[in-house]
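Structure below is upload_0.cif: mmCIF, C-alpha atoms.
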data_model
#
loop_
_atom_site.group_PDB
_atom_site.id
_atom_site.type_symbol
_atom_site.label_atom_id
_atom_site.label_comp_id
_atom_site.auth_asym_id
_atom_site.auth_seq_id
_atom_site.Cartn_x
_atom_site.Cartn_y
_atom_site.Cartn_z
ATOM 1 C CA MET F 51 -37.049 108.028 61.049
ATOM 2 C CA HIS F 52 -38.818 111.222 62.014
ATOM 3 C CA GLU F 53 -41.476 109.124 63.743
ATOM 4 C CA ALA F 54 -38.870 107.271 65.812
ATOM 5 C CA SER F 55 -37.286 110.554 66.827
ATOM 6 C CA ALA F 56 -40.624 112.065 67.852
ATOM 7 C CA LEU F 57 -41.678 108.925 69.718
ATOM 8 C CA GLY F 58 -38.316 108.754 71.461
ATOM 9 C CA ALA F 59 -38.513 112.388 72.520
ATOM 10 C CA ALA F 60 -42.060 111.930 73.848
ATOM 11 C CA CYS F 61 -40.988 108.829 75.745
ATOM 12 C CA ASN F 62 -37.951 110.562 77.248
ATOM 13 C CA GLN F 63 -40.119 113.497 78.288
ATOM 14 C CA ALA F 64 -42.628 111.136 79.926
ATOM 15 C CA THR F 65 -39.793 109.351 81.718
ATOM 16 C CA ALA F 66 -38.411 112.641 83.025
ATOM 17 C CA GLN F 67 -41.891 113.595 84.271
ATOM 18 C CA PHE F 68 -42.239 110.220 85.998
ATOM 19 C CA ALA F 69 -38.835 110.651 87.652
ATOM 20 C CA VAL F 70 -39.989 113.951 89.134
ATOM 21 C CA THR F 71 -43.547 113.108 90.147
ATOM 22 C CA LEU F 72 -43.554 109.297 90.593
ATOM 23 C CA THR F 73 -47.332 109.293 90.117
ATOM 24 C CA PRO F 74 -49.240 106.314 88.696
ATOM 25 C CA GLU F 75 -50.469 108.572 85.875
ATOM 26 C CA ALA F 76 -46.918 109.537 84.913
ATOM 27 C CA ARG F 77 -45.889 105.899 85.006
ATOM 28 C CA ARG F 78 -48.796 104.930 82.734
ATOM 29 C CA GLU F 79 -47.730 107.649 80.296
ATOM 30 C CA VAL F 80 -44.175 106.266 80.139
ATOM 31 C CA LEU F 81 -45.517 102.763 79.588
ATOM 32 C CA SER F 82 -47.844 104.062 76.885
ATOM 33 C CA GLN F 83 -44.937 105.772 75.117
ATOM 34 C CA LEU F 84 -42.790 102.633 75.421
ATOM 35 C CA LYS F 85 -45.629 100.602 73.922
ATOM 36 C CA ALA F 86 -45.867 103.034 71.006
ATOM 37 C CA LEU F 87 -42.127 102.685 70.431
ATOM 38 C CA ASN F 88 -42.365 98.906 70.714
ATOM 39 C CA ASP F 89 -45.193 98.855 68.153
ATOM 40 C CA ALA F 90 -43.114 101.043 65.833
ATOM 41 C CA LEU F 91 -40.124 98.729 66.324
ATOM 42 C CA ILE F 92 -42.219 95.710 65.344
ATOM 43 C CA GLU F 93 -43.522 97.581 62.296
ATOM 44 C CA THR F 94 -40.073 98.693 61.137
ATOM 45 C CA ALA F 95 -38.660 95.205 61.730
ATOM 46 C CA GLY F 96 -41.324 93.848 59.390
ATOM 47 C CA TYR F 97 -40.571 96.566 56.845
ATOM 48 C CA GLU F 98 -36.854 95.751 57.003
ATOM 49 C CA SER F 99 -37.452 92.018 56.789
ATOM 50 C CA GLU F 100 -39.713 92.413 53.756
ATOM 51 C CA ALA F 101 -37.251 94.735 52.028
ATOM 52 C CA ARG F 102 -34.445 92.257 52.694
ATOM 53 C CA ARG F 103 -36.531 89.296 51.497
ATOM 54 C CA THR F 104 -37.471 90.988 48.237
ATOM 55 C CA ASN F 105 -34.049 92.595 47.734
ATOM 56 C CA SER F 106 -35.836 95.923 47.606
ATOM 57 C CA VAL F 107 -34.192 99.235 46.867
ATOM 58 C CA ASP F 108 -35.863 100.390 50.097
ATOM 59 C CA LEU F 109 -33.595 98.200 52.225
ATOM 60 C CA ILE F 110 -31.309 101.055 53.293
ATOM 61 C CA ASP F 111 -34.245 103.188 54.423
ATOM 62 C CA ALA F 112 -35.880 100.208 56.097
ATOM 63 C CA ASN F 113 -32.706 99.347 57.964
ATOM 64 C CA ARG F 114 -32.208 102.947 59.055
ATOM 65 C CA ALA F 115 -35.801 103.181 60.318
ATOM 66 C CA PHE F 116 -35.399 99.924 62.240
ATOM 67 C CA LEU F 117 -32.120 101.098 63.758
ATOM 68 C CA GLU F 118 -33.439 104.515 64.800
ATOM 69 C CA THR F 119 -36.617 103.056 66.264
ATOM 70 C CA GLY F 120 -34.685 100.406 68.188
ATOM 71 C CA ARG F 121 -32.295 102.996 69.547
ATOM 72 C CA ALA F 122 -35.150 105.266 70.632
ATOM 73 C CA TRP F 123 -36.946 102.380 72.336
ATOM 74 C CA GLY F 124 -33.790 101.101 73.989
ATOM 75 C CA GLY F 125 -32.702 104.550 75.152
ATOM 76 C CA CYS F 126 -36.040 105.398 76.698
ATOM 77 C CA SER F 127 -36.259 101.958 78.299
ATOM 78 C CA LEU F 128 -32.818 102.435 79.851
ATOM 79 C CA GLU F 129 -33.857 105.777 81.324
ATOM 80 C CA TYR F 130 -37.122 104.368 82.658
ATOM 81 C CA ASN F 131 -35.288 101.459 84.257
ATOM 82 C CA LYS F 132 -32.844 103.843 85.948
ATOM 83 C CA VAL F 133 -35.838 105.529 87.570
ATOM 84 C CA LEU F 134 -37.174 102.135 88.657
ATOM 85 C CA VAL F 135 -33.837 101.299 90.270
ATOM 86 C CA ALA F 136 -33.732 104.684 91.989
ATOM 87 C CA ILE F 137 -37.151 104.125 93.557
ATOM 88 C CA GLY F 138 -36.252 100.604 94.682
ATOM 89 C CA GLU F 139 -37.997 98.562 91.989
ATOM 90 C CA ARG F 140 -34.884 96.570 91.169
ATOM 91 C CA ASP F 141 -36.707 93.371 90.205
ATOM 92 C CA ALA F 142 -38.906 95.227 87.713
ATOM 93 C CA ALA F 143 -35.844 96.925 86.229
ATOM 94 C CA ARG F 144 -33.978 93.606 85.980
ATOM 95 C CA HIS F 145 -36.966 92.038 84.212
ATOM 96 C CA ASN F 146 -37.137 94.976 81.798
ATOM 97 C CA TYR F 147 -33.394 94.888 81.089
ATOM 98 C CA GLN F 148 -33.605 91.176 80.329
ATOM 99 C CA GLY F 149 -36.531 91.850 78.004
ATOM 100 C CA LEU F 150 -34.532 94.520 76.203
ATOM 101 C CA MET F 151 -31.640 92.126 75.733
ATOM 102 C CA SER F 152 -33.933 89.525 74.218
ATOM 103 C CA ARG F 153 -35.569 92.024 71.835
ATOM 104 C CA LEU F 154 -32.562 93.977 70.582
ATOM 105 C CA THR F 155 -30.740 91.009 69.076
ATOM 106 C CA ALA F 156 -30.112 92.372 65.578
ATOM 107 C CA PRO F 157 -26.483 93.128 64.748
ATOM 108 C CA GLN F 158 -27.308 96.843 64.551
ATOM 109 C CA PHE F 159 -27.821 96.945 68.315
ATOM 110 C CA VAL F 160 -24.404 95.875 69.612
ATOM 111 C CA ALA F 161 -23.833 99.206 71.374
ATOM 112 C CA GLU F 162 -27.292 99.163 72.927
ATOM 113 C CA ARG F 163 -26.817 95.592 74.153
ATOM 114 C CA ARG F 164 -23.526 96.647 75.733
ATOM 115 C CA GLN F 165 -25.274 99.504 77.581
ATOM 116 C CA ILE F 166 -28.002 97.160 78.775
ATOM 117 C CA GLN F 167 -25.477 94.585 79.957
ATOM 118 C CA LEU F 168 -23.582 97.277 81.868
ATOM 119 C CA ALA F 169 -26.822 98.374 83.520
ATOM 120 C CA LEU F 170 -27.658 94.774 84.429
ATOM 121 C CA ASP F 171 -24.167 94.224 85.824
ATOM 122 C CA GLU F 172 -24.426 97.410 87.859
ATOM 123 C CA LEU F 173 -27.839 96.369 89.120
ATOM 124 C CA ASP F 174 -26.480 92.991 90.137
ATOM 125 C CA GLY F 175 -23.361 94.514 91.677
ATOM 126 C CA ALA F 176 -21.121 92.606 89.269
ATOM 127 C CA LYS F 177 -18.282 93.957 87.220
ATOM 128 C CA SER F 178 -19.202 94.683 83.604
ATOM 129 C CA ARG F 179 -17.881 92.408 80.914
#
Render the structure in this file as structure tokens.
Amino acid sequence: MHEASALGAACNQATAQFAVTLTPEARREVLSQLKALNDALIETAGYESEARRTNSVDLIDANRAFLETGRAWGGCSLEYNKVLVAIGERDAARHNYQGLMSRLTAPQFVAERRQIQLALDELDGAKSR
């Protein structure tokens, strides 16, 4: 969980830097941090799945790690997409939001999916559901 927190903080910091500078280097840093979070999410999903499959005593920790990593990834992605919308890259943001929706399908991510749907609805000018 500490790793997810540190990765999330680094990603949020990179996103804030990108929002201020809008340089290609800052954008690459955000994407690098998002990739690190995505890799961690895949790893923790595997850990959770294995713990569930084997009925391991580690299931609670595995689930918590998966949840925290998913929340960090989703939160940073939402912030990055807000910057994309602000600079006029609406299609890229829409694509990213749709990708988030398809990845955060586990029941733990109901709140995150709601936030993403609200952002998509706002982007599309529709009322949120």
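When all atoms listed in the file are used to compute distances to Gln165 in chain F, the closest of the residues F:Glu118, F:Glu129, F:Glu139, F:Glu93 turns out to be F:Glu129.
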All residues 12 Å or closer to Ser99 in chain F, only C-alpha atoms, same chain fewer than 4 positions away omitted, as a PyMOL selection string: chain F and resi 91-95+103-106+108-113+115-116+156
Resolved residues for the PyMOL selection byres ((chain F and resi 159) around 12) as a list in words: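 After applying the PyMOL selection byres ((chain F and resi 159) around 12), what remains is Asn113, Arg114, Phe116, Leu117, Glu118, Thr119, Gly120, Arg121, Ala122, Trp123, Gly124, Gly125, Leu150, Met151, Ser152, Arg153, Leu154, Thr155, Ala156, Pro157, Gln158, Val160, Ala161, Glu162, Arg163, Arg164, Gln165 and Ile166 of chain F.
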Ground truth for the PyMOL selection byres ((chain F and resi 170-174) around 10), written as a list of chain:residue names: F:Lys132, F:Val135, F:Arg140, F:Asp141, F:Ala143, F:Arg144, F:His145, F:Asn146, F:Tyr147, F:Gln148, F:Met151, F:Arg164, F:Gln165, F:Ile166, F:Gln167, F:Leu168, F:Ala169, F:Gly175, F:Ala176, F:Lys177, F:Ser178, F:Arg179
Proximity to Ser82 in chain F - best of F:Leu128, F:Ile137, F:Leu57, F:Val107, all atoms listed in the file: F:Leu57
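Using all atoms listed in the file, the nearest neighbour of Thr65 in chain F within the list F:Ala142, F:Lys85, F:Cys126, F:Ala136 is F:Cys126.
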Spatial sel., origin (-45.7, 103.9, 78.0), limit 10 Å, only C-alpha atoms, listed as a ChimeraX atom specification: /F:60-61,64-65,76-88,126-127,130
One-decimal distance in Å that lies between CA of Phe68 in chain F and CA of Glu53 in chain F: 22.3 Å
Distance of CA of Ala54 in chain F from CA of Ala90 in chain F, expressed in Å to one decimal place: 7.5 Å
Distance in Å - CA of Leu134 in chain F versus CA of Ala59 in chain F: 19.2 Å
Can you give me N, CA and C atoms for range 163-174 of chain F, written as a tab-separated table (two decimals), in the frame of the given file?
chain	number	residue	atom	x	y	z
F	163	ARG	N	-26.92	96.79	73.32
F	163	ARG	CA	-26.82	95.59	74.15
F	163	ARG	C	-25.70	95.76	75.19
F	164	ARG	N	-24.63	96.40	74.80
F	164	ARG	CA	-23.53	96.65	75.73
F	164	ARG	C	-24.00	97.55	76.88
F	165	GLN	N	-24.75	98.60	76.55
F	165	GLN	CA	-25.27	99.50	77.58
F	165	GLN	C	-26.22	98.76	78.53
F	166	ILE	N	-27.05	97.92	77.96
F	166	ILE	CA	-28.00	97.16	78.78
F	166	ILE	C	-27.26	96.20	79.68
F	167	GLN	N	-26.24	95.53	79.14
F	167	GLN	CA	-25.48	94.58	79.96
F	167	GLN	C	-24.76	95.32	81.09
F	168	LEU	N	-24.23	96.48	80.81
F	168	LEU	CA	-23.58	97.28	81.87
F	168	LEU	C	-24.59	97.64	82.96
F	169	ALA	N	-25.78	98.02	82.55
F	169	ALA	CA	-26.82	98.37	83.52
F	169	ALA	C	-27.22	97.16	84.34
F	170	LEU	N	-27.34	96.01	83.70
F	170	LEU	CA	-27.66	94.77	84.43
F	170	LEU	C	-26.55	94.43	85.41
F	171	ASP	N	-25.30	94.52	84.95
F	171	ASP	CA	-24.17	94.22	85.82
F	171	ASP	C	-24.14	95.17	87.02
F	172	GLU	N	-24.40	96.44	86.77
F	172	GLU	CA	-24.43	97.41	87.86
F	172	GLU	C	-25.55	97.09	88.83
F	173	LEU	N	-26.68	96.73	88.29
F	173	LEU	CA	-27.84	96.37	89.12
F	173	LEU	C	-27.52	95.15	89.99
F	174	ASP	N	-26.82	94.22	89.41
F	174	ASP	CA	-26.48	92.99	90.14
F	174	ASP	C	-25.22	93.14	90.98
